[in-house]
$ cat final01.pdb   # PDB, C-alpha atoms
ATOM      1  CA  MET A   1     -75.112 -20.528  19.971
ATOM      2  CA  ALA A   2     -75.259 -17.459  17.722
ATOM      3  CA  ARG A   3     -73.088 -15.573  20.174
ATOM      4  CA  HIS A   4     -70.550 -18.466  20.097
ATOM      5  CA  ARG A   5     -70.430 -18.433  16.284
ATOM      6  CA  THR A   6     -69.859 -14.643  16.316
ATOM      7  CA  SER A   7     -66.965 -14.984  18.758
ATOM      8  CA  LYS A   8     -65.422 -17.713  16.628
ATOM      9  CA  ARG A   9     -65.653 -15.568  13.509
ATOM     10  CA  LEU A  10     -64.124 -12.635  15.366
ATOM     11  CA  LEU A  11     -61.229 -14.793  16.539
ATOM     12  CA  ILE A  12     -60.625 -16.075  13.000
ATOM     13  CA  ALA A  13     -60.736 -12.529  11.606
ATOM     14  CA  THR A  14     -58.315 -11.336  14.275
ATOM     15  CA  VAL A  15     -55.893 -14.158  13.499
ATOM     16  CA  LEU A  16     -56.158 -13.484   9.768
ATOM     17  CA  LEU A  17     -55.472  -9.810  10.306
ATOM     18  CA  ALA A  18     -52.462 -10.597  12.506
ATOM     19  CA  LEU A  19     -50.898 -13.086  10.080
ATOM     20  CA  PRO A  20     -49.332 -10.602   7.598
ATOM     21  CA  PRO A  21     -47.518  -8.491  10.197
ATOM     22  CA  LEU A  22     -46.487 -11.639  12.091
ATOM     23  CA  TRP A  23     -45.187 -13.162   8.859
ATOM     24  CA  THR A  24     -43.329  -9.925   8.088
ATOM     25  CA  LEU A  25     -41.773  -9.830  11.563
ATOM     26  CA  TRP A  26     -40.797 -13.493  11.283
ATOM     27  CA  SER A  27     -39.267 -12.916   7.850
ATOM     28  CA  TRP A  28     -37.419  -9.883   9.202
ATOM     29  CA  LYS A  29     -35.916 -11.687  12.188
ATOM     30  CA  ARG A  30     -35.436 -15.258  10.916
ATOM     31  CA  SER A  31     -31.979 -16.615  10.052
ATOM     32  CA  GLY A  32     -30.796 -15.669   6.605
ATOM     33  CA  PRO A  33     -29.692 -17.951   3.761
ATOM     34  CA  LEU A  34     -25.944 -17.282   3.953
ATOM     35  CA  MET A  35     -24.027 -20.499   4.626
ATOM     36  CA  MET A  36     -20.772 -18.638   5.322
ATOM     37  CA  GLN A  37     -19.591 -15.066   5.720
ATOM     38  CA  GLY A  38     -20.610 -12.989   2.709
ATOM     39  CA  THR A  39     -19.566  -9.655   1.229
ATOM     40  CA  VAL A  40     -21.593  -7.015  -0.571
ATOM     41  CA  LEU A  41     -19.958  -4.164  -2.468
ATOM     42  CA  ILE A  42     -21.939  -0.960  -2.799
ATOM     43  CA  LYS A  43     -20.337   0.977  -5.612
ATOM     44  CA  LYS A  44     -20.791   4.610  -6.500
ATOM     45  CA  GLY A  45     -24.230   5.247  -8.021
ATOM     46  CA  ALA A  46     -25.810   1.966  -6.876
ATOM     47  CA  THR A  47     -29.536   2.238  -6.046
ATOM     48  CA  VAL A  48     -31.423   0.555  -3.220
ATOM     49  CA  ASP A  49     -33.358  -1.595  -5.704
ATOM     50  CA  GLN A  50     -30.154  -2.730  -7.424
ATOM     51  CA  ILE A  51     -28.514  -3.647  -4.121
ATOM     52  CA  ALA A  52     -31.628  -5.454  -2.870
ATOM     53  CA  ASP A  53     -31.827  -7.533  -6.051
ATOM     54  CA  GLN A  54     -28.073  -8.209  -5.894
ATOM     55  CA  MET A  55     -28.288  -9.404  -2.276
ATOM     56  CA  GLU A  56     -31.180 -11.734  -3.064
ATOM     57  CA  ARG A  57     -29.393 -13.055  -6.156
ATOM     58  CA  GLU A  58     -26.190 -13.713  -4.181
ATOM     59  CA  GLY A  59     -28.036 -15.431  -1.332
ATOM     60  CA  VAL A  60     -27.461 -12.758   1.313
ATOM     61  CA  ILE A  61     -31.182 -12.152   1.897
ATOM     62  CA  ARG A  62     -34.330 -14.115   1.021
ATOM     63  CA  SER A  63     -36.612 -11.267   0.015
ATOM     64  CA  ALA A  64     -35.515  -8.276  -2.042
ATOM     65  CA  SER A  65     -39.117  -7.004  -1.986
ATOM     66  CA  LEU A  66     -39.259  -6.858   1.803
ATOM     67  CA  PHE A  67     -35.882  -5.081   1.929
ATOM     68  CA  LYS A  68     -37.091  -2.516  -0.616
ATOM     69  CA  LEU A  69     -40.239  -1.823   1.411
ATOM     70  CA  TRP A  70     -38.179  -1.292   4.549
ATOM     71  CA  ALA A  71     -35.631   0.896   2.718
ATOM     72  CA  ARG A  72     -38.351   3.153   1.303
ATOM     73  CA  ALA A  73     -40.056   3.443   4.670
ATOM     74  CA  ARG A  74     -36.745   4.429   6.297
ATOM     75  CA  GLN A  75     -35.628   6.566   3.325
ATOM     76  CA  LEU A  76     -32.385   4.616   3.377
ATOM     77  CA  GLN A  77     -29.327   6.411   2.006
ATOM     78  CA  LEU A  78     -26.762   3.824   0.982
ATOM     79  CA  ILE A  79     -23.174   4.569   1.972
ATOM     80  CA  ARG A  80     -20.730   3.306  -0.626
ATOM     81  CA  GLY A  81     -18.404   0.632   0.721
ATOM     82  CA  GLU A  82     -17.670  -3.006   1.410
ATOM     83  CA  TYR A  83     -20.010  -4.765   3.843
ATOM     84  CA  THR A  84     -19.456  -8.190   5.364
ATOM     85  CA  PHE A  85     -22.240 -10.295   6.872
ATOM     86  CA  ASN A  86     -21.960 -13.332   9.121
ATOM     87  CA  SER A  87     -23.473 -16.656   8.087
ATOM     88  CA  GLN A  88     -27.254 -16.811   8.592
ATOM     89  CA  ALA A  89     -27.425 -13.039   9.150
ATOM     90  CA  SER A  90     -31.079 -12.058   9.371
ATOM     91  CA  LEU A  91     -32.649  -9.469   7.089
ATOM     92  CA  SER A  92     -32.820  -7.215  10.137
ATOM     93  CA  GLU A  93     -29.056  -7.569  10.747
ATOM     94  CA  VAL A  94     -28.234  -6.940   7.073
ATOM     95  CA  ALA A  95     -30.459  -3.867   6.953
ATOM     96  CA  GLY A  96     -29.034  -2.542  10.225
ATOM     97  CA  LYS A  97     -25.428  -2.755   8.987
ATOM     98  CA  LEU A  98     -26.299  -0.914   5.792
ATOM     99  CA  ARG A  99     -28.291   1.748   7.660
ATOM    100  CA  ARG A 100     -25.402   2.362  10.088
ATOM    101  CA  GLY A 101     -22.803   2.344   7.302
ATOM    102  CA  GLU A 102     -20.649  -0.318   8.985
ATOM    103  CA  ILE A 103     -18.069  -0.527   6.204
ATOM    104  CA  HIS A 104     -15.435  -3.259   6.351
ATOM    105  CA  PHE A 105     -11.962  -1.753   5.883
ATOM    106  CA  THR A 106      -8.651  -3.503   5.265
ATOM    107  CA  ASN A 107      -5.491  -1.951   6.676
ATOM    108  CA  ILE A 108      -2.721  -1.851   4.060
ATOM    109  CA  VAL A 109       0.712  -0.891   5.392
ATOM    110  CA  ILE A 110       3.118   0.840   2.999
ATOM    111  CA  PRO A 111       6.444   0.841   4.895
ATOM    112  CA  TYR A 112       9.689   2.780   4.611
ATOM    113  CA  ALA A 113      12.073   1.423   1.952
ATOM    114  CA  ALA A 114       9.177   0.001  -0.113
ATOM    115  CA  HIS A 115       9.541   0.319  -3.871
ATOM    116  CA  ALA A 116       7.019   0.006  -6.710
ATOM    117  CA  TRP A 117       6.896  -3.794  -6.695
ATOM    118  CA  THR A 118       6.292  -3.880  -2.936
ATOM    119  CA  VAL A 119       3.424  -1.389  -3.237
ATOM    120  CA  GLN A 120       1.930  -3.327  -6.155
ATOM    121  CA  SER A 121       2.083  -6.590  -4.200
ATOM    122  CA  ARG A 122       0.327  -5.069  -1.188
ATOM    123  CA  LEU A 123      -2.453  -3.571  -3.310
ATOM    124  CA  LYS A 124      -2.977  -6.549  -5.647
ATOM    125  CA  GLU A 125      -6.344  -7.483  -4.093
ATOM    126  CA  PHE A 126      -7.661  -3.964  -4.692
ATOM    127  CA  VAL A 127      -5.948  -2.791  -7.896
ATOM    128  CA  PRO A 128      -5.511  -4.993 -10.995
ATOM    129  CA  GLU A 129      -1.861  -5.228 -12.018
ATOM    130  CA  ASP A 130      -2.257  -3.510 -15.401
ATOM    131  CA  VAL A 131      -4.249  -0.687 -13.806
ATOM    132  CA  PHE A 132      -1.612  -0.325 -11.096
ATOM    133  CA  TRP A 133       1.245   0.242 -13.554
ATOM    134  CA  ASN A 134      -0.809   2.695 -15.628
ATOM    135  CA  LEU A 135      -1.635   4.761 -12.550
ATOM    136  CA  TRP A 136       1.971   4.469 -11.310
ATOM    137  CA  LYS A 137       3.040   6.509 -14.336
ATOM    138  CA  SER A 138       0.212   9.061 -14.157
ATOM    139  CA  PRO A 139       1.458  12.660 -14.610
ATOM    140  CA  ASN A 140      -1.695  13.946 -12.895
ATOM    141  CA  LEU A 141      -1.028  11.895  -9.772
ATOM    142  CA  ALA A 142       2.630  12.964  -9.782
ATOM    143  CA  ALA A 143       1.465  16.575  -9.979
ATOM    144  CA  THR A 144      -0.883  15.990  -7.041
ATOM    145  CA  ALA A 145       2.102  14.724  -5.060
ATOM    146  CA  GLY A 146       3.928  17.947  -5.877
ATOM    147  CA  PHE A 147       6.322  16.814  -8.623
ATOM    148  CA  PRO A 148       4.590  17.074 -12.031
ATOM    149  CA  ASP A 149       7.770  16.151 -13.931
ATOM    150  CA  ALA A 150       8.410  12.935 -11.992
ATOM    151  CA  PRO A 151       8.499   9.913 -14.357
ATOM    152  CA  SER A 152       6.542   7.744 -11.910
ATOM    153  CA  LEU A 153       5.125   7.684  -8.395
ATOM    154  CA  GLU A 154       8.254   6.002  -7.030
ATOM    155  CA  GLY A 155       9.043   7.758  -3.758
ATOM    156  CA  LEU A 156       5.840   9.844  -4.011
ATOM    157  CA  VAL A 157       3.718   7.543  -1.836
ATOM    158  CA  ALA A 158       3.616   8.397   1.855
ATOM    159  CA  PRO A 159       4.632   5.536   4.154
ATOM    160  CA  ALA A 160       1.511   4.924   6.226
ATOM    161  CA  THR A 161      -1.308   2.542   7.055
ATOM    162  CA  TYR A 162      -4.184   3.044   4.617
ATOM    163  CA  ARG A 163      -7.763   1.962   5.391
ATOM    164  CA  ILE A 164      -9.266   0.856   2.087
ATOM    165  CA  HIS A 165     -12.096  -1.351   0.847
ATOM    166  CA  HIS A 166     -12.983  -3.199  -2.327
ATOM    167  CA  ALA A 167     -15.692  -0.744  -3.370
ATOM    168  CA  MET A 168     -13.073   1.988  -3.817
ATOM    169  CA  GLU A 169     -11.879   2.767  -7.323
ATOM    170  CA  PRO A 170      -8.128   2.279  -7.935
ATOM    171  CA  GLU A 171      -7.782   6.001  -8.667
ATOM    172  CA  GLU A 172      -9.169   6.798  -5.204
ATOM    173  CA  ILE A 173      -6.615   4.557  -3.515
ATOM    174  CA  PHE A 174      -3.743   6.143  -5.426
ATOM    175  CA  LEU A 175      -5.071   9.617  -4.762
ATOM    176  CA  ALA A 176      -5.132   8.911  -1.018
ATOM    177  CA  MET A 177      -1.474   7.835  -1.108
ATOM    178  CA  VAL A 178      -0.145  10.787  -3.108
ATOM    179  CA  GLU A 179      -2.248  13.307  -1.174
ATOM    180  CA  ALA A 180      -0.777  11.902   2.042
ATOM    181  CA  PHE A 181       2.687  12.369   0.521
ATOM    182  CA  HIS A 182       1.941  15.971  -0.472
ATOM    183  CA  ARG A 183       0.620  16.707   2.985
ATOM    184  CA  SER A 184       3.151  14.937   5.211
ATOM    185  CA  VAL A 185       6.351  14.426   3.177
ATOM    186  CA  ARG A 186       6.614  17.115   0.495
ATOM    187  CA  PRO A 187       7.122  20.026   2.971
ATOM    188  CA  LYS A 188      10.005  18.172   4.664
ATOM    189  CA  LEU A 189      12.028  18.189   1.431
ATOM    190  CA  GLU A 190      12.578  21.934   1.491
ATOM    191  CA  ASP A 191      15.634  23.842   2.753
ATOM    192  CA  GLY A 192      18.295  21.252   1.904
ATOM    193  CA  PRO A 193      21.459  21.716  -0.202
ATOM    194  CA  LEU A 194      19.724  19.987  -3.142
ATOM    195  CA  PRO A 195      16.387  20.780  -4.823
ATOM    196  CA  PRO A 196      13.453  18.941  -3.180
ATOM    197  CA  TYR A 197      13.127  16.146  -5.750
ATOM    198  CA  GLU A 198      16.874  15.474  -5.728
ATOM    199  CA  THR A 199      16.737  15.446  -1.932
ATOM    200  CA  LEU A 200      14.074  12.737  -2.201
ATOM    201  CA  ILE A 201      16.240  10.741  -4.609
ATOM    202  CA  LEU A 202      19.341  10.979  -2.424
ATOM    203  CA  ALA A 203      17.302  10.011   0.648
ATOM    204  CA  SER A 204      16.005   6.919  -1.153
ATOM    205  CA  LEU A 205      19.559   5.787  -1.977
ATOM    206  CA  ALA A 206      20.650   6.127   1.643
ATOM    207  CA  GLU A 207      17.486   4.362   2.816
ATOM    208  CA  LYS A 208      18.211   1.316   0.653
ATOM    209  CA  GLU A 209      21.887   1.158   1.629
ATOM    210  CA  THR A 210      21.544   0.684   5.382
ATOM    211  CA  ASN A 211      19.196  -0.504   8.110
ATOM    212  CA  LEU A 212      21.033   1.548  10.748
ATOM    213  CA  PRO A 213      19.607   5.053  11.262
ATOM    214  CA  GLU A 214      22.949   6.344  12.585
ATOM    215  CA  GLU A 215      24.607   5.482   9.258
ATOM    216  CA  LEU A 216      22.150   7.414   7.100
ATOM    217  CA  PRO A 217      23.870  10.855   7.385
ATOM    218  CA  ILE A 218      27.297   9.278   6.806
ATOM    219  CA  ILE A 219      26.168   7.517   3.625
ATOM    220  CA  ALA A 220      24.387  10.659   2.441
ATOM    221  CA  GLY A 221      27.653  12.511   3.089
ATOM    222  CA  VAL A 222      29.623  10.043   0.949
ATOM    223  CA  TYR A 223      27.194  10.463  -1.930
ATOM    224  CA  ALA A 224      27.058  14.251  -1.557
ATOM    225  CA  ARG A 225      30.857  14.441  -1.819
ATOM    226  CA  ARG A 226      30.875  12.133  -4.834
ATOM    227  CA  LEU A 227      28.289  14.315  -6.543
ATOM    228  CA  ARG A 228      30.364  17.410  -5.785
ATOM    229  CA  ILE A 229      33.561  16.036  -7.355
ATOM    230  CA  GLY A 230      31.825  14.290 -10.279
ATOM    231  CA  MET A 231      32.548  10.760  -9.060
ATOM    232  CA  ARG A 232      29.995   8.057  -9.886
ATOM    233  CA  LEU A 233      27.840   7.056  -6.943
ATOM    234  CA  GLN A 234      28.199   3.295  -7.559
ATOM    235  CA  CYS A 235      25.167   2.527  -5.421
ATOM    236  CA  ASP A 236      24.337  -1.188  -5.462
ATOM    237  CA  PRO A 237      20.573  -0.677  -4.936
ATOM    238  CA  THR A 238      20.381   1.408  -8.123
ATOM    239  CA  SER A 239      21.863  -1.469 -10.129
ATOM    240  CA  LEU A 240      19.136  -3.726  -8.745
ATOM    241  CA  TYR A 241      16.451  -1.156  -9.542
ATOM    242  CA  ALA A 242      17.758  -0.997 -13.126
ATOM    243  CA  ARG A 243      17.521  -4.809 -13.249
ATOM    244  CA  TRP A 244      13.877  -4.767 -12.206
ATOM    245  CA  LEU A 245      12.989  -2.003 -14.662
ATOM    246  CA  SER A 246      14.605  -4.131 -17.362
ATOM    247  CA  GLY A 247      12.072  -6.885 -16.612
ATOM    248  CA  ASP A 248      14.254  -9.173 -14.478
ATOM    249  CA  LEU A 249      12.403  -9.405 -11.163
ATOM    250  CA  ARG A 250      14.893 -11.554  -9.262
ATOM    251  CA  PHE A 251      15.238 -10.050  -5.798
ATOM    252  CA  THR A 252      18.811 -11.148  -5.123
ATOM    253  CA  ALA A 253      22.169  -9.465  -4.530
ATOM    254  CA  PRO A 254      23.615  -7.565  -7.522
ATOM    255  CA  LEU A 255      25.496  -9.649 -10.073
ATOM    256  CA  HIS A 256      28.325  -8.526 -12.376
ATOM    257  CA  GLU A 257      25.799  -8.137 -15.199
ATOM    258  CA  ASP A 258      23.779  -5.751 -13.020
ATOM    259  CA  ILE A 259      26.825  -3.612 -12.221
ATOM    260  CA  ALA A 260      27.736  -3.452 -15.908
ATOM    261  CA  ARG A 261      24.207  -2.786 -17.230
ATOM    262  CA  LEU A 262      23.859   0.455 -19.215
ATOM    263  CA  HIS A 263      20.721   1.959 -17.714
ATOM    264  CA  PRO A 264      19.704   5.460 -16.530
ATOM    265  CA  PHE A 265      19.129   4.117 -13.005
ATOM    266  CA  ASN A 266      22.424   2.248 -12.709
ATOM    267  CA  THR A 267      24.823   4.656 -10.993
ATOM    268  CA  TYR A 268      27.754   2.356 -11.788
ATOM    269  CA  THR A 269      27.460   3.209 -15.491
ATOM    270  CA  VAL A 270      25.779   6.649 -15.342
ATOM    271  CA  ALA A 271      27.082   9.716 -13.517
ATOM    272  CA  GLY A 272      25.014  11.666 -11.015
ATOM    273  CA  LEU A 273      21.764  10.777  -9.305
ATOM    274  CA  PRO A 274      19.303   8.392 -10.947
ATOM    275  CA  PRO A 275      16.324  10.101 -12.632
ATOM    276  CA  ALA A 276      13.912   9.241  -9.794
ATOM    277  CA  PRO A 277      13.861   7.779  -6.269
ATOM    278  CA  ILE A 278      14.279   4.021  -5.938
ATOM    279  CA  ALA A 279      12.091   3.568  -2.850
ATOM    280  CA  ILE A 280      10.182   5.374  -0.111
ATOM    281  CA  PRO A 281      12.672   7.075   2.226
ATOM    282  CA  SER A 282      12.047   7.358   5.955
ATOM    283  CA  PRO A 283      11.971  10.761   7.700
ATOM    284  CA  ALA A 284      15.452   9.979   9.057
ATOM    285  CA  ALA A 285      16.735   9.374   5.513
ATOM    286  CA  ILE A 286      15.225  12.658   4.332
ATOM    287  CA  GLU A 287      16.887  14.505   7.198
ATOM    288  CA  ALA A 288      20.176  12.791   6.303
ATOM    289  CA  ALA A 289      19.868  13.958   2.690
ATOM    290  CA  LYS A 290      19.208  17.512   3.897
ATOM    291  CA  HIS A 291      22.043  17.401   6.437
ATOM    292  CA  PRO A 292      24.723  14.986   5.163
ATOM    293  CA  SER A 293      27.560  14.371   7.587
ATOM    294  CA  PRO A 294      30.696  16.411   6.856
ATOM    295  CA  GLY A 295      33.919  14.496   6.367
ATOM    296  CA  THR A 296      36.276  13.120   3.749
ATOM    297  CA  GLU A 297      35.018   9.547   3.317
ATOM    298  CA  LEU A 298      34.323   8.565  -0.279
ATOM    299  CA  TYR A 299      33.837   4.808   0.089
ATOM    300  CA  PHE A 300      31.952   2.292   2.193
ATOM    301  CA  VAL A 301      31.392  -1.445   2.255
ATOM    302  CA  ALA A 302      29.368  -3.783   4.457
ATOM    303  CA  THR A 303      31.092  -5.385   7.417
ATOM    304  CA  GLY A 304      29.261  -8.671   6.996
ATOM    305  CA  THR A 305      28.079  -8.497  10.612
ATOM    306  CA  GLY A 306      25.826  -5.442  10.316
ATOM    307  CA  GLY A 307      26.658  -1.895   9.337
ATOM    308  CA  HIS A 308      29.438  -0.577   7.117
ATOM    309  CA  ARG A 309      33.100   0.421   7.151
ATOM    310  CA  PHE A 310      33.862   3.840   5.688
ATOM    311  CA  ALA A 311      37.110   4.895   3.999
ATOM    312  CA  ARG A 312      38.743   8.049   2.672
ATOM    313  CA  THR A 313      40.996   6.391   0.084
ATOM    314  CA  LEU A 314      40.640   3.584  -2.422
ATOM    315  CA  SER A 315      43.481   1.585  -0.826
ATOM    316  CA  GLU A 316      41.783   1.787   2.568
ATOM    317  CA  HIS A 317      38.494   0.791   0.950
ATOM    318  CA  ASN A 318      40.114  -2.207  -0.723
ATOM    319  CA  ARG A 319      41.352  -3.400   2.680
ATOM    320  CA  ASN A 320      37.811  -3.083   3.992
ATOM    321  CA  VAL A 321      36.482  -5.061   1.027
ATOM    322  CA  ALA A 322      39.045  -7.803   1.743
ATOM    323  CA  ALA A 323      37.946  -7.884   5.380
ATOM    324  CA  TYR A 324      34.316  -8.191   4.281
ATOM    325  CA  ARG A 325      35.133 -11.130   2.011
ATOM    326  CA  LEU A 326      37.043 -12.873   4.775
ATOM    327  CA  GLU A 327      34.070 -12.440   7.099
ATOM    328  CA  ILE A 328      31.655 -13.873   4.538
ATOM    329  CA  ALA A 329      34.009 -16.814   3.933
ATOM    330  CA  ARG A 330      34.184 -17.432   7.699
ATOM    331  CA  GLN A 331      30.401 -17.416   7.958
ATOM    332  CA  ASN A 332      30.094 -19.843   5.048
ATOM    333  CA  ARG A 333      32.577 -22.247   6.676
ATOM    334  CA  GLN A 334      30.626 -22.026   9.895
ATOM    335  CA  LYS A 335      27.386 -22.864   8.099
ATOM    336  CA  LYS A 336      28.981 -25.876   6.423
ATOM    337  CA  GLY A 337      30.320 -27.066   9.778
ATOM    338  CA  LYS A 338      26.809 -27.013  11.231
ATOM    339  CA  ALA A 339      25.265 -28.776   8.234
TER     340      ALA A 339
END

$ encode --input "final01.pdb" --output "structure tokens"
Amino acid sequence: MARHRTSKRLLIATVLLALPPLWTLWSWKRSGPLMMQGTVLIKKGATVDQIADQMEREGVIRSASLFKLWARARQLQLIRGEYTFNSQASLSEVAGKLRRGEIHFTNIVIPYAAHAWTVQSRLKEFVPEDVFWNLWKSPNLAATAGFPDAPSLEGLVAPATYRIHHAMEPEEIFLAMVEAFHRSVRPKLEDGPLPPYETLILASLAEKETNLPEELPIIAGVYARRLRIGMRLQCDPTSLYARWLSGDLRFTAPLHEDIARLHPFNTYTVAGLPPAPIAIPSPAAIEAAKHPSPGTELYFVATGTGGHRFARTLSEHNRNVAAYRLEIARQNRQKKGKA
């Protein structure tokens, strides 16, 4: 009987000794409290204790204390970033993602022909609007891009796909874009007939005038000749850019009031190039600005069916304008007939 009581006590003691590690293992592996996918941002300078408490407070994990014990035992080094966790992610799964530094990135595409308002729209989830416009006019960032005297970062952002996350500071995101410009675009602006920044400006005008790569050198040639003889460029996209800078953000075709607006960017009312680019030019547009097509054409107008007609004289240009208007009228009649 005594031997039986001793065995029973030994069994109870063994079970009691096994309970804490079993409870810990169960707590480590059991489903977590998240009811849906959750996100944790680890910002610069955040400590393990702060992140553990934050995750418990936000319902990502059940026990901040257990996470802290594990983190100290593993000497966890947190990698700054944005981490996403599936619903009911266990403490083990959460800890594993943080240990491996599995940061969730978002791909943001900044395309050719994008201007300031396009860039701002694409970054709005990562950069507050007021912060965006302050950084857009940063002389330090313009200097990093290679043009310290540029009035803004217009044209100084490299067209690319950027991998960013919500734990990044806005300044970091901007720095990545202008450093990419300095690395991949700035060198390509050398060795043209115009200084590098003016080459960038001319390329941006051509970029916004046509969607056809084969027309880029021809349009650049028209503008280069106009600059040479002191003729105003009369570039429709600059009149729109002046509209937007004036606070009117309608993205429509130019109106008479836009053409007539007195503004440094409106090349209908101001001679020469505008003071800055009006968009991000493509490599083809930059090459066109460096190597404008030779010729005598001074005018061009859209065909209405894609592309442009080019002319050497004003009378020839006026005929092309009349043809364009007839084409637009024909298209409008056709639309009404189908309505």

$ residues_around --input "final01.pdb" --residues "stretch 195-211 of chain A" --least-positions-apart "5" --cutoff "8 Å" --atoms "all atoms listed in the file" --output "PyMOL selection string"
chain A and resi 113+147+155+186+189-190+216+219-220+223+235-238+273-274+276-282+285-290+307

$ closest_residue --input "final01.pdb" --among "A:Ala160, A:Ala224, A:Ala46, A:Val321" --to "A:Ile108" --atoms "only C-alpha atoms"
A:Ala160

$ atom_distance --input "final01.pdb" --atom1 "atom CA of A:Ala114" --atom2 "atom CA of A:Ile328"
26.8 Å

$ residues_near_point --input "final01.pdb" --point "(2.7, 5.8, -10.8)" --cutoff "10 Å" --atoms "only C-alpha atoms" --output "PyMOL selection string"
chain A and resi 116+131-142+150-157+174+178

$ closest_residue --input "final01.pdb" --among "A:Asp53, A:Arg100, A:Lys335, A:Leu212" --to "A:His308" --atoms "all atoms listed in the file"
A:Leu212

$ atom_distance --input "final01.pdb" --atom1 "atom CA of A:Arg72" --atom2 "atom CA of A:Lys43"
19.4 Å

$ atom_distance --input "final01.pdb" --atom1 "atom CA of A:Tyr324" --atom2 "atom CA of A:Ala311"
13.4 Å

$ residues_around --input "final01.pdb" --residues "A:Phe85" --least-positions-apart "2" --cutoff "9 Å" --atoms "all atoms listed in the file" --output "PyMOL selection string"
chain A and resi 34+36-40+60+83+87-89+93-94+97
